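Visitor: You'll find query37.cif just under this line, and it carries mmCIF, C-alpha atoms.
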data_coords
loop_
_atom_site.label_atom_id
_atom_site.label_comp_id
_atom_site.auth_asym_id
_atom_site.auth_seq_id
_atom_site.Cartn_x
_atom_site.Cartn_y
_atom_site.Cartn_z
CA MET X 358 23.05 108.83 103.76
CA THR X 359 25.05 110.32 106.62
CA LYS X 360 27.61 108.29 108.50
CA ILE X 361 29.35 108.64 111.84
CA TRP X 362 33.09 108.32 112.17
CA SER X 363 34.42 107.68 115.64
CA VAL X 364 37.99 108.92 115.63
CA GLY X 365 40.62 108.21 118.25
CA ASN X 366 40.76 106.15 121.43
CA HIS X 367 38.47 108.31 123.56
CA ALA X 368 35.58 107.92 121.14
CA HIS X 369 36.39 104.24 120.68
CA THR X 370 36.11 103.53 124.42
CA LEU X 371 32.61 105.08 124.45
CA LEU X 372 31.23 103.84 121.13
CA SER X 373 32.83 100.42 120.70
CA ILE X 374 29.72 98.77 122.20
CA TYR X 375 27.51 99.99 119.33
CA THR X 376 27.33 97.99 116.13
CA TRP X 377 25.46 100.36 113.82
CA GLU X 378 26.11 99.94 110.15
CA GLU X 379 26.65 103.68 109.79
CA LEU X 380 29.34 103.77 112.48
CA SER X 381 33.02 103.25 111.73
CA PHE X 382 36.18 103.70 113.76
CA ILE X 383 39.53 105.28 113.05
CA THR X 384 42.11 104.32 115.64
CA PHE X 385 45.85 104.48 116.04
CA THR X 386 47.90 101.86 117.89
CA GLN X 387 51.48 102.63 118.78
CA GLY X 388 54.17 100.08 117.84
CA ALA X 389 56.83 98.52 120.07
CA PRO X 390 59.48 100.96 121.30
CA GLU X 391 62.35 99.57 119.18
CA GLU X 392 63.86 102.03 116.74
CA GLY X 393 62.15 102.33 113.36
CA ASN X 394 58.89 100.74 114.51
CA LEU X 395 55.78 102.58 113.35
CA GLY X 396 52.28 102.54 114.76
CA THR X 397 49.20 101.24 112.96
CA LEU X 398 46.33 103.35 111.66
CA THR X 399 43.12 101.34 111.35
CA ILE X 400 39.92 102.35 109.54
CA SER X 401 37.35 99.75 110.52
CA ASN X 402 34.78 100.00 107.69
CA GLN X 403 37.40 99.95 104.94
CA LYS X 404 39.39 97.15 106.60
CA SER X 405 42.41 99.38 106.09
CA ILE X 406 45.51 98.92 108.24
CA ARG X 407 48.53 101.08 107.50
CA PRO X 408 51.88 101.52 109.29
CA VAL X 409 52.35 105.20 110.07
CA ALA X 410 54.15 107.52 112.49
CA TYR X 411 52.06 109.49 115.01
CA SER X 412 52.57 112.89 113.44
CA LYS X 413 49.88 115.12 111.96
CA GLU X 414 51.43 115.11 108.48
CA ASP X 415 51.83 111.31 108.28
CA LEU X 416 48.38 110.64 109.67
CA SER X 417 46.80 113.15 107.25
CA SER X 418 48.53 111.73 104.19
CA ALA X 419 47.60 108.16 105.22
CA LEU X 420 43.96 109.17 105.71
CA HIS X 421 43.92 111.07 102.42
CA GLU X 422 45.04 107.94 100.60
CA ASP X 423 42.54 105.70 102.41
CA TRP X 424 39.52 108.05 102.25
CA LYS X 425 36.97 106.22 100.11
CA GLU X 426 33.83 107.66 101.73
CA ASN X 427 31.32 109.16 99.31
CA GLU X 428 28.76 110.12 101.93
CA MET X 429 28.68 113.01 104.37
CA VAL X 430 30.23 112.26 107.72
CA TRP X 431 29.61 113.29 111.33
CA MET X 432 32.83 112.94 113.24
CA ILE X 433 33.04 112.16 116.98
CA GLY X 434 36.34 112.56 118.72
CA ASP X 435 38.48 114.14 121.39
CA ILE X 436 40.38 117.04 119.81
CA SER X 437 43.29 116.63 122.24
CA GLU X 438 44.16 113.48 120.24
CA ARG X 439 46.37 114.09 117.23
CA VAL X 440 44.59 111.54 115.05
CA VAL X 441 41.31 113.51 115.46
CA ASP X 442 43.01 116.70 114.32
CA ALA X 443 44.38 114.91 111.23
CA ALA X 444 41.03 113.23 110.44
CA LEU X 445 38.94 116.38 110.60
CA ARG X 446 41.39 118.25 108.35
CA VAL X 447 41.18 115.42 105.82
CA GLY X 448 37.36 115.43 106.14
CA THR X 449 37.15 119.16 105.39
CA ASP X 450 39.64 118.86 102.52
CA GLU X 451 37.49 116.12 101.00
CA LYS X 452 34.39 118.29 101.68
CA ARG X 453 32.64 115.36 103.35
CA LEU X 454 32.53 116.62 106.93
CA ARG X 455 28.98 117.54 107.97
CA GLY X 456 29.71 118.26 111.61
CA MET X 457 32.00 117.61 114.53
CA LEU X 458 31.00 116.27 117.94
CA VAL X 459 33.77 117.08 120.38
CA LEU X 460 34.11 114.87 123.44
CA TYR X 461 35.25 116.84 126.49
CA PRO X 462 39.03 116.69 125.94
CA VAL X 463 41.08 114.63 128.36
CA GLY X 464 44.08 116.81 127.55
CA MET X 465 42.48 119.95 129.05
CA VAL X 466 44.94 119.71 131.94
CA ALA X 467 47.90 120.88 129.85
CA LEU X 468 48.21 124.40 128.49
CA ASP X 469 50.15 123.34 125.41
CA VAL X 470 47.34 120.93 124.45
CA ARG X 471 44.79 123.71 125.02
CA ARG X 472 46.73 125.84 122.56
CA GLU X 473 46.55 123.05 119.96
CA MET X 474 42.82 122.66 120.60
CA SER X 475 42.12 126.36 120.16
CA GLU X 476 43.75 126.14 116.72
CA ILE X 477 41.43 123.26 115.82
CA ILE X 478 38.34 125.18 116.98
CA LEU X 479 39.45 128.17 114.91
CA TYR X 480 39.90 125.88 111.92
CA LEU X 481 36.39 124.44 112.37
CA LYS X 482 34.96 127.94 112.69
CA LYS X 483 36.72 129.16 109.55
CA ASN X 484 35.45 126.18 107.57
CA ASN X 485 31.89 126.54 108.91
CA ILE X 486 31.76 123.04 110.34
CA PRO X 487 28.93 122.82 112.93
CA THR X 488 30.68 121.82 116.16
CA TYR X 489 29.15 120.60 119.43
CA LEU X 490 30.76 119.84 122.75
CA ILE X 491 29.63 116.75 124.64
CA ARG X 492 30.56 117.86 128.12
CA GLU X 493 29.92 114.63 130.05
CA PRO X 494 30.40 111.91 127.43
CA ASN X 495 29.81 109.05 129.88
CA ASP X 496 26.43 110.46 130.95
CA PHE X 497 25.52 111.36 127.37
CA PHE X 498 26.08 107.86 126.07
CA ALA X 499 24.72 106.14 129.18
CA GLN X 500 21.47 108.07 129.66
CA VAL X 501 20.35 108.78 126.13
CA GLU X 502 18.70 105.87 124.38
CA LEU X 503 20.98 105.79 121.43
CA ASN X 504 20.53 104.57 117.96
CA PHE X 505 22.03 106.20 114.94
CA SER X 506 19.17 108.62 114.24
CA THR X 507 18.67 109.70 117.88
CA LEU X 508 22.35 110.47 118.07
CA VAL X 509 22.55 112.59 114.95
CA GLU X 510 19.14 114.32 114.83
CA PRO X 511 19.55 116.81 117.67
CA PHE X 512 22.83 118.01 116.23
CA SER X 513 21.44 118.31 112.71
CA GLU X 514 18.69 120.53 114.09
CA GLY X 515 21.16 122.71 115.98
CA ARG X 516 19.67 122.08 119.42
CA ASN X 517 21.27 122.55 122.82
CA SER X 518 20.66 120.12 125.64
CA LYS X 519 21.91 119.31 129.11
CA TYR X 520 24.38 116.80 127.65
CA PHE X 521 25.83 118.82 124.78
CA GLU X 522 26.22 122.42 123.73
CA TYR X 523 26.80 124.26 120.50
CA LEU X 524 30.35 125.62 120.04
CA CYS X 525 30.80 127.11 116.57
CA GLY X 526 30.51 126.73 112.81
CA MET X 527 26.85 127.55 111.97
CA ASN X 528 25.48 130.66 110.23
CA GLN X 529 23.99 133.32 112.49
CA SER X 530 20.57 132.88 110.84
CA ASN X 531 20.49 129.22 111.89
CA LEU X 532 21.32 130.06 115.48
CA SER X 533 18.27 132.18 116.33
CA HIS X 534 16.60 129.29 118.16
CA ILE X 535 19.60 128.55 120.42
CA MET T 1075 39.09 111.36 136.12
CA ASP T 1076 37.69 107.88 135.71
CA LYS T 1077 39.69 104.88 134.56
CA LYS T 1078 38.55 105.16 130.93
CA GLN T 1079 39.80 108.74 130.71
CA ILE T 1080 43.10 107.83 132.34
CA ASP T 1081 43.48 105.06 129.74
CA VAL T 1082 42.88 107.58 126.95
CA VAL T 1083 45.39 110.08 128.40
CA PHE T 1084 47.95 107.32 128.89
CA THR T 1085 47.52 106.00 125.33
CA GLU T 1086 47.77 109.49 123.86
CA LEU T 1087 50.92 110.28 125.86
CA ILE T 1088 52.55 107.01 124.79
CA ASN T 1089 51.56 107.65 121.15
CA ARG T 1090 53.00 111.16 121.20
CA TYR T 1091 56.03 110.81 123.44
CA GLN T 1092 57.29 107.21 123.11
CA GLY T 1093 60.39 108.34 121.21
CA PHE T 1094 61.02 111.08 123.76
CA PHE T 1095 60.78 108.61 126.67
CA ILE T 1096 63.25 106.23 125.01
CA GLN T 1097 65.61 109.12 124.31
CA GLN T 1098 65.51 110.25 127.96
CA ILE T 1099 66.03 106.71 129.27
CA ARG T 1100 68.94 106.22 126.84
CA LEU T 1101 70.76 109.11 128.58
CA LYS T 1102 71.06 107.00 131.74
CA PHE T 1103 70.89 103.37 130.57
CA ASP T 1104 72.16 101.42 127.60
CA GLY T 1105 71.61 98.20 125.63
CA GLU T 1106 68.58 96.02 126.26
CA GLU T 1107 68.19 97.61 129.68
CA ILE T 1108 66.56 100.63 127.99
CA PHE T 1109 63.48 98.63 127.00
CA ASP T 1110 63.21 96.97 130.42
CA VAL T 1111 63.33 100.38 132.09
CA TYR T 1112 60.82 101.71 129.53
CA GLN T 1113 58.35 98.97 130.46
CA GLU T 1114 58.74 99.74 134.14
CA PHE T 1115 58.36 103.43 133.37
CA CYS T 1116 55.07 102.84 131.53
CA ILE T 1117 53.61 101.24 134.67
CA HIS T 1118 54.97 104.09 136.79
CA LEU T 1119 53.52 106.68 134.40
CA TYR T 1120 50.08 105.06 134.56
CA ASN T 1121 50.16 105.22 138.37
CA VAL T 1122 51.32 108.84 138.29
CA LEU T 1123 48.46 109.71 135.93
CA CYS T 1124 45.96 108.03 138.27
CA GLN T 1125 47.23 110.06 141.20
CA LYS T 1126 48.21 113.42 139.74
CA TYR T 1127 46.68 114.00 136.30
CA THR T 1128 43.31 115.44 137.27
CA LYS T 1129 41.06 118.05 135.75
CA ASP T 1130 41.97 120.61 138.41
CA VAL T 1131 45.72 120.92 137.93
CA ASP T 1132 47.11 123.25 135.28
CA LEU T 1133 50.18 121.86 133.59
CA PHE T 1134 52.13 124.51 131.74
CA ASN T 1135 53.74 122.10 129.32
CA THR T 1136 53.15 118.36 129.02
CA LYS T 1137 56.61 117.60 127.67
CA ALA T 1138 58.37 119.47 130.48
CA TRP T 1139 56.27 117.63 133.07
CA LEU T 1140 56.94 114.27 131.43
CA LYS T 1141 60.67 115.02 131.27
CA ALA T 1142 60.67 115.53 135.05
CA VAL T 1143 58.69 112.30 135.57
CA VAL T 1144 60.92 110.17 133.34
CA SER T 1145 64.24 111.52 134.63
CA ASN T 1146 63.16 111.14 138.28
CA PHE T 1147 62.13 107.57 137.52
CA CYS T 1148 65.48 106.84 135.86
CA ILE T 1149 67.39 108.25 138.84
CA SER T 1150 65.44 106.12 141.30
CA GLU T 1151 66.00 103.04 139.08
CA LEU T 1152 69.74 103.77 139.06
CA ARG T 1153 69.71 104.07 142.85
CA LYS T 1154 67.94 100.73 143.16
CA LYS T 1155 70.41 99.12 140.76
CA ASN T 1156 73.46 100.45 142.63
CA LYS T 1157 71.97 99.52 145.98
CA LYS T 1158 71.86 95.87 144.92
CA ARG T 1159 75.64 95.89 144.42
CA LYS T 1160 76.32 96.97 148.00
CA VAL T 1161 77.30 94.28 150.51
CA ASN T 1162 74.70 93.80 153.18
CA LEU T 1163 76.45 93.77 156.51
CA VAL T 1164 74.88 91.46 159.07
CA SER T 1165 75.35 92.18 162.73
CA GLU T 1166 77.22 89.74 164.96
CA GLU T 1167 74.06 88.63 166.81
CA LYS T 1168 72.18 87.72 163.64
CA THR T 1169 74.73 85.33 162.18
CA THR T 1170 76.02 81.89 163.15
CA LEU T 1171 79.34 82.40 161.31
CA VAL T 1172 82.39 82.34 163.58
CA ARG T 1173 84.63 85.24 162.70
CA SER T 1174 88.35 85.57 163.26
CA ASN T 1175 89.43 87.97 165.92
CA PHE T 1176 92.46 89.73 164.51
CA SER T 1177 93.18 91.63 167.70
CA ASP T 1178 94.94 88.70 169.38
CA ALA T 1179 97.17 85.79 168.43
CA SER T 1180 94.23 83.62 167.36
CA TYR T 1181 93.88 85.56 164.08
CA ASN T 1182 94.35 82.39 162.05
CA SER T 1183 91.71 80.44 163.96
CA ASP T 1184 89.55 80.04 160.84
CA GLN T 1185 92.23 77.92 159.24
CA ALA T 1186 91.91 74.18 159.71
CA PRO T 1187 94.73 72.49 161.66
CA GLY T 1188 96.97 70.21 159.62
CA GLU T 1189 97.60 72.73 156.82
CA PRO T 1190 100.64 74.91 156.08
CA ASN T 1191 100.75 78.24 157.86
CA TYR T 1192 99.50 80.31 154.94
CA PHE T 1193 99.18 83.45 157.03
CA GLY T 1194 102.78 83.22 158.22
CA ALA T 1195 103.97 82.57 154.66
CA MET T 1196 102.02 85.53 153.33
CA LYS T 1197 103.31 87.79 156.08
CA SER T 1198 106.95 86.95 155.47
CA LEU T 1199 106.65 87.22 151.67
CA LEU T 1200 104.85 90.53 151.72
CA SER T 1201 107.40 92.05 154.10
CA ILE T 1202 109.76 92.13 151.07
CA LEU T 1203 107.44 94.61 149.33
CA SER T 1204 106.21 98.11 150.11
CA LYS T 1205 102.76 98.55 151.69
CA ARG T 1206 101.18 99.62 148.44
CA GLU T 1207 102.60 96.66 146.50
CA ALA T 1208 101.57 94.26 149.24
CA LEU T 1209 98.06 95.72 149.15
CA MET T 1210 97.89 95.10 145.40
CA LEU T 1211 98.78 91.41 145.84
CA LYS T 1212 96.37 91.02 148.75
CA MET T 1213 93.57 92.55 146.70
CA LYS T 1214 94.29 90.22 143.79
CA TYR T 1215 94.82 86.89 145.59
CA TYR T 1216 93.32 87.27 149.05
CA TYR T 1217 90.20 89.36 148.38
CA GLY T 1218 89.72 88.28 144.73
CA VAL T 1219 89.27 91.83 143.41
CA PRO T 1220 89.25 91.96 139.58
CA SER T 1221 92.31 93.51 137.94
CA ALA T 1222 90.30 96.30 136.33
CA ARG T 1223 89.03 97.38 139.74
CA ILE T 1224 92.52 97.25 141.25
CA GLU T 1225 93.70 99.51 138.42
CA ARG T 1226 90.95 102.00 139.22
CA ILE T 1227 91.40 101.96 143.00
CA LEU T 1228 95.22 102.11 143.09
CA ASN T 1229 95.58 104.16 139.89
CA VAL T 1230 97.82 101.57 138.22
CA ALA T 1231 98.00 101.31 134.42
CA HIS T 1232 98.36 97.52 133.98
CA ALA T 1233 97.65 95.67 137.21
CA ASP T 1234 98.35 92.18 135.83
CA VAL T 1235 101.78 93.16 134.48
CA THR T 1236 102.69 94.90 137.76
CA ILE T 1237 101.56 91.89 139.79
CA GLY T 1238 103.66 89.59 137.58
CA ARG T 1239 106.73 91.76 138.22
CA LEU T 1240 106.07 91.82 141.96
CA LYS T 1241 105.90 88.03 142.01
CA GLN T 1242 109.20 87.86 140.12
CA ARG T 1243 110.77 90.29 142.63
CA ILE T 1244 109.59 88.18 145.58
CA LEU T 1245 111.09 85.06 144.04
CA ARG T 1246 114.35 86.88 143.30
CA LYS T 1247 114.74 88.57 146.70
CA GLY T 1248 113.56 85.53 148.63
CA LYS T 1249 115.86 83.31 146.54
CA LEU T 1250 113.01 80.94 145.76
CA ASN T 1251 112.25 78.68 142.82
CA ASP T 1252 108.48 78.61 143.30
CA PHE T 1253 105.88 79.47 145.93
CA GLU T 1254 104.73 75.87 146.58
CA GLU T 1255 108.22 74.99 147.73
CA PHE T 1256 108.26 78.02 150.04
CA VAL T 1257 104.89 77.16 151.59
CA ALA T 1258 106.00 73.55 152.15
CA LYS T 1259 108.99 74.82 154.14
CA MET T 1260 106.72 76.78 156.50
CA ASP T 1261 105.74 75.28 159.85
CA TRP T 1262 102.47 73.33 159.83
CA LEU T 1263 99.54 74.25 162.03
CA THR T 1264 98.60 71.91 164.81
#
For the file at hand, write its structure as structure tokens.
Guide:
Amino acid sequence: MTKIWSVGNHAHTLLSIYTWEELSFITFTQGAPEEGNLGTLTISNQKSIRPVAYSKEDLSSALHEDWKENEMVWMIGDISERVVDAALRVGTDEKRLRGMLVLYPVGMVALDVRREMSEIILYLKKNNIPTYLIREPNDFFAQVELNFSTLVEPFSEGRNSKYFEYLCGMNQSNLSHI
Amino acid sequence: MDKKQIDVVFTELINRYQGFFIQQIRLKFDGEEIFDVYQEFCIHLYNVLCQKYTKDVDLFNTKAWLKAVVSNFCISELRKKNKKRKVNLVSEEKTTLVRSNFSDASYNSDQAPGEPNYFGAMKSLLSILSKREALMLKMKYYYGVPSARIERILNVAHADVTIGRLKQRILRKGKLNDFEEFVAKMDWLT
């Protein structure tokens, strides 16, 4: 069975209203500003809460240790968030990542964040992870009657629609219909 | 950008740059004040994001932009803090306080009748000293300026020691035992 992992705060704001069994959330909450305080990484389906710093290395190692998923995973997230970057690298390392649904990044304003994002896209392309961009996430989640299967099916079939578009990661032979 | 997106941007910036913000604030503030200023800065940052962080603007570097935002905020906080220390002068028309007019003989009119002539006593005692020494005593006892501030303003190493010596010199030159006795000898106001 395939599952959906909503990673980061952007995805959480859009998907927190859904209570599908297949859906779980990875979120990071920053700690108080006093020295030595760490943030908290939460994985909802595993009831895992771990103190961790908001750096790619720390987040990756924490996720590696907490990754207990045996099924394939579709990941939804905003790649301008560092926790998404860490999660998709862990997903590919574990060979459990079936595809990536990228929410239009809120960090597109800054050039340094764009540089980080281009590295992530290159990484997804190299690892042949099918990647789609949801350009208007609010419209996508508001107008499409969503349940788990209606969300995942169009992506599994490699379709394009007015709400999302294919970015990278599939074989050329699979792209003839796009 | 809608409110949800601003919330996401704000959360991400706080997650990434909290340590950087604290470090920048620490350059201008210290102690517990740092965390108070940080809280105020978070509110300011959220408002700035609402107004200026749109899809259209191209920021070259987030950190450089945030550095400008946080240091400008700290400077304006420092200005506000220093402004509070200034004395607010109230114009003559807006106050009911009766002020002394030092330009004529009624300069001691704010002193109640039936008391020793403190002004006269002060004048005669301070005439023993130089202007600078007299100013030091006036600052200490008349205006209530703290010793540390007197040291800074007059460039004196140990104001309290100097003031003690000045008092001794007044007693010696004026051939006095103590100041109470001297004040009692002065004419009384009527």
Visitor: Output the residue selection produced by the PyMOL selection byres ((chain X) within 12 of (chain T)) on the file above, formatted as a short mmCIF file (atom, residue, chain, number, x, y, z; two decimals) with C-alpha atoms, in the coordinates of the input.
Guide:
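See expr34.cif below for the written result:
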data_model
loop_
_atom_site.label_atom_id
_atom_site.label_comp_id
_atom_site.auth_asym_id
_atom_site.auth_seq_id
_atom_site.Cartn_x
_atom_site.Cartn_y
_atom_site.Cartn_z
CA GLY X 365 40.62 108.21 118.25
CA ASN X 366 40.76 106.15 121.43
CA HIS X 367 38.47 108.31 123.56
CA ALA X 368 35.58 107.92 121.14
CA HIS X 369 36.39 104.24 120.68
CA THR X 370 36.11 103.53 124.42
CA LEU X 371 32.61 105.08 124.45
CA THR X 384 42.11 104.32 115.64
CA PHE X 385 45.85 104.48 116.04
CA THR X 386 47.90 101.86 117.89
CA GLN X 387 51.48 102.63 118.78
CA GLY X 388 54.17 100.08 117.84
CA ALA X 389 56.83 98.52 120.07
CA PRO X 390 59.48 100.96 121.30
CA GLU X 391 62.35 99.57 119.18
CA GLU X 392 63.86 102.03 116.74
CA GLY X 393 62.15 102.33 113.36
CA ASN X 394 58.89 100.74 114.51
CA LEU X 395 55.78 102.58 113.35
CA GLY X 396 52.28 102.54 114.76
CA THR X 397 49.20 101.24 112.96
CA LEU X 398 46.33 103.35 111.66
CA VAL X 409 52.35 105.20 110.07
CA ALA X 410 54.15 107.52 112.49
CA TYR X 411 52.06 109.49 115.01
CA SER X 412 52.57 112.89 113.44
CA LYS X 413 49.88 115.12 111.96
CA GLY X 434 36.34 112.56 118.72
CA ASP X 435 38.48 114.14 121.39
CA ILE X 436 40.38 117.04 119.81
CA SER X 437 43.29 116.63 122.24
CA GLU X 438 44.16 113.48 120.24
CA ARG X 439 46.37 114.09 117.23
CA VAL X 440 44.59 111.54 115.05
CA VAL X 441 41.31 113.51 115.46
CA LEU X 460 34.11 114.87 123.44
CA TYR X 461 35.25 116.84 126.49
CA PRO X 462 39.03 116.69 125.94
CA VAL X 463 41.08 114.63 128.36
CA GLY X 464 44.08 116.81 127.55
CA MET X 465 42.48 119.95 129.05
CA VAL X 466 44.94 119.71 131.94
CA ALA X 467 47.90 120.88 129.85
CA LEU X 468 48.21 124.40 128.49
CA ASP X 469 50.15 123.34 125.41
CA VAL X 470 47.34 120.93 124.45
CA ARG X 471 44.79 123.71 125.02
CA ARG X 472 46.73 125.84 122.56
CA GLU X 473 46.55 123.05 119.96
CA GLU X 493 29.92 114.63 130.05
CA PRO X 494 30.40 111.91 127.43
CA ASN X 495 29.81 109.05 129.88
#
Visitor: Expressed in Å to a single decimal, how great is the separation between CA of Ile406 in chain X and CA of Met474 in chain X?
Guide: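 That distance, rounded to one decimal, is 26.9 Å.
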Visitor: Which distance in Å separates CA of Gln403 in chain X and CA of Ile361 in chain X, to one decimal?
Guide: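 Taking CA of Gln403 in chain X as the start and CA of Ile361 in chain X as the end point, the length is 13.7 Å.
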Visitor: Could you pull the residues within 8 Å of Ile1224 in chain T, counting all atoms listed in the file, minus those fewer than 5 positions along the same chain, as a PDB file with C-alpha atoms, in the coordinates of the input?
Guide:
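Generated output (around-v1.pdb):
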ATOM      1  CA  MET T1210      97.890  95.100 145.400  1.00  0.00           C
ATOM      2  CA  MET T1213      93.570  92.550 146.700  1.00  0.00           C
ATOM      3  CA  LYS T1214      94.290  90.220 143.790  1.00  0.00           C
ATOM      4  CA  VAL T1219      89.270  91.830 143.410  1.00  0.00           C
ATOM      5  CA  ASN T1229      95.580 104.160 139.890  1.00  0.00           C
ATOM      6  CA  VAL T1230      97.820 101.570 138.220  1.00  0.00           C
ATOM      7  CA  ALA T1233      97.650  95.670 137.210  1.00  0.00           C
TER       8      ALA T1233
END
Visitor: What gap, in Å, lies between CA of Cys1148 in chain T and CA of Arg1100 in chain T?
Guide: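 CA of Cys1148 in chain T sits 9.7 Å away from CA of Arg1100 in chain T.
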Visitor: May I have the residues within 10 Å of Lys1259 in chain T as a ChimeraX atom specification, using only C-alpha atoms and disregarding those fewer than 4 positions away in the same chain?
Guide: /T:1190-1191,1195,1253-1255
Visitor: Give the answer as one residue: which of T:Arg1223, T:Glu1151, T:Tyr1217, T:Leu1203 has the shortest atom-to-atom distance to Arg1239 in chain T, using all atoms listed in the file?
Guide: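 The shortest atom-to-atom distance to Arg1239 in chain T comes from T:Leu1203.
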Visitor: Select, counting only C-alpha atoms, all protein, DNA and RNA residues no farther than 10 Å from (63.6, 107.1, 137.4) in file coordinates, and express the selection as a list in words.
Guide: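 In the file's frame, the residues around the point are Ile1099, Lys1102, Val1111, Tyr1112, Glu1114, Phe1115, His1118, Ala1142, Val1143, Val1144, Ser1145, Asn1146, Phe1147, Cys1148, Ile1149, Ser1150, Glu1151, Leu1152, Arg1153 and Lys1154 of chain T.
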Visitor: I'd like to know which of T:Ala1138, T:Val1122, T:Ile1117, T:Ile1244 is closest to Ser1204 in chain T, using all atoms listed in the file.
Guide: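 Looking only at the distances to Ser1204 in chain T, the closest residue turns out to be T:Ile1244.
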Visitor: For the provided coordinates, the residues matched by the PyMOL selection byres ((chain X and resi 424) around 9) should be stated as a ChimeraX atom specification.
Guide: /X:403,419-423,425-427,447-448,451
Visitor: For the provided coordinates, the residues matched by the PyMOL selection byres ((chain X and resi 522) around 6) should be stated as a list in words.
Guide: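 Those residues are Tyr489, Leu490, Asn517, Phe521 and Tyr523 of chain X.
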